[in-house]
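These notes concern the structure reproduced below.
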Amino acid sequence: MEETSTLNQSPSVSVPIRSLGPNHRARILSHLRGLHSHDRYLRFGFAASDDQIARYVERLNFDVDEVFGIYNRRLELIAMAHLAFSADHDLSACAEFGVSVSKSARGRGYGARLFDRAAMHARNEGVSRMFIHALSENAAMLKIARNAGAIVERDGSESEAHLYLPPATLDTRLTEMVAEQMAQTDYHIKVQVKQFWDLLAGIQTLRRDVQQADRSSPK
């Protein structure tokens, strides 16, 4: 899984990344359950079962944390990131980042782009330090962190990366606002296109059923 961070450079191709809310919980669950056992191990630090993943998704607090996602044309969630803000008042300027990418969508830089999106949001929310807790064997995640300039500290089988974020600017605030609006528009277009193709598929199925019924009816 090759990822290239774009925190300090403009990506050549825009990837719509939108904020996810409670109404996306079912698709988040489907995405995470679609991860293979080793991918679950890298994402959560253990080979999470379906039930454990379900409990994690159910406990997502969209009022406090931020969840970002990338959808394909079939409205399948193929990559997502969870930016968890610290509940400790003394660490209110800190947030932790976690990401997962479906096997079929790897090699496109989605993990790095989600990291950049989360980092921008964190800056705009007043976060000055972003953490990534990952297994030391999770080379793709640690590469994203290092490419963004994070300091990575290894402790046995686990590593922790922390990235100091500069304060928000008018540019970061406007950039995030525009990016979110574009992603929302892209999502709604995908919904409409999928509804059209689903309707067309239904009509074609009905037509075949009628034709088969005509052929099988006694003459």
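Numbering starts fresh at 1 for the residues of each chain in the structure tokens, the chains themselves are lettered A, B, ... in the order given, and ligands are numbered from 1 as they appear.
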
Open item on the list: Can you pull out every residue from range 57-219 of chain A that DSSP, working from the backbone, puts in helix (DSSP H, G or I), and format the result as an NGL selection string?
Closed with: :A and (57-58 or 89-91 or 103-105 or 110-124 or 139-147 or 170-216)

Show me, as JSON lines, the residues of range 105-133 of chain A having an atom within 9 Å of range 13-35 of chain A, each with the closest atom pair and its distance in Å, using only C-alpha atoms.
```
{"residue": "A:Tyr110", "atom": "CA", "partner": "A:Val15", "partner_atom": "CA", "distance": 8.1}
{"residue": "A:Arg113", "atom": "CA", "partner": "A:Val15", "partner_atom": "CA", "distance": 7.8}
{"residue": "A:Leu114", "atom": "CA", "partner": "A:Ile17", "partner_atom": "CA", "distance": 7.3}
{"residue": "A:Arg117", "atom": "CA", "partner": "A:Ile17", "partner_atom": "CA", "distance": 7.6}
```

Open item on the list: Given only C-alpha atoms as the basis, pick out the residue of A:Ser86, A:Thr175, A:Ser37, A:Gln195 nearest to Lys103 in chain A.
Closed with: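 Answer, going by the shortest atom-to-atom distance: A:Ser37.
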
Which range 44-151 of chain A residues have any atom within 9 Å of an atom of range 181-191 of chain A, and for each, what is the nearest pair of atoms with distance in Å to one decimal, counting only C-alpha atoms, rows sorted by chain and number, as a tab-separated table?
```
residue	atom	partner	partner_atom	distance
A:Ile70	CA	A:Ala183	CA	8.9
A:Tyr71	CA	A:Tyr187	CA	7.5
A:Asn72	CA	A:Lys190	CA	8.2
A:Arg73	CA	A:Lys190	CA	5.9
A:Arg74	CA	A:Lys190	CA	7.5
A:Leu75	CA	A:Lys190	CA	6.8
```

Generate a file of the selected residues that holds N, CA and C atoms, formatted as an mmCIF file, in the first residue's frame.
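Dumped everything to result_10.cif:
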```
data_model
loop_
_atom_site.group_PDB
_atom_site.id
_atom_site.type_symbol
_atom_site.label_atom_id
_atom_site.label_comp_id
_atom_site.auth_asym_id
_atom_site.auth_seq_id
_atom_site.Cartn_x
_atom_site.Cartn_y
_atom_site.Cartn_z
ATOM 1 N N ILE A 70 -14.319 8.498 1.962
ATOM 2 C CA ILE A 70 -14.248 8.565 0.501
ATOM 3 C C ILE A 70 -15.175 7.495 -0.056
ATOM 4 N N TYR A 71 -16.093 7.898 -0.916
ATOM 5 C CA TYR A 71 -17.051 6.980 -1.531
ATOM 6 C C TYR A 71 -16.691 6.747 -2.993
ATOM 7 N N ASN A 72 -16.966 5.539 -3.472
ATOM 8 C CA ASN A 72 -16.822 5.295 -4.901
ATOM 9 C C ASN A 72 -18.158 5.550 -5.602
ATOM 10 N N ARG A 73 -18.228 5.260 -6.885
ATOM 11 C CA ARG A 73 -19.447 5.561 -7.656
ATOM 12 C C ARG A 73 -20.631 4.696 -7.242
ATOM 13 N N ARG A 74 -20.361 3.554 -6.637
ATOM 14 C CA ARG A 74 -21.441 2.669 -6.182
ATOM 15 C C ARG A 74 -21.877 2.996 -4.767
ATOM 16 N N LEU A 75 -21.410 4.146 -4.262
ATOM 17 C CA LEU A 75 -21.709 4.592 -2.897
ATOM 18 C C LEU A 75 -21.209 3.610 -1.846
#
```

TODO: From the DSSP assignment of the backbone, select every residue of range 45-154 of chain A that is strand (DSSP E or B), and format the answer as JSON, numbers by chain.
DONE: {"A": [66, 67, 68, 69, 70, 71, 77, 78, 79, 80, 81, 82, 83, 84, 85, 94, 95, 96, 97, 98, 99, 100, 101, 129, 130, 131, 132, 133, 134, 135, 151, 152, 153, 154]}

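For the set A:Gly109, A:Gly98, A:Gly156, A:Gly69, the residue with the smallest atom-to-atom gap to Leu83 in chain A is A:Gly98, counting only C-alpha atoms.
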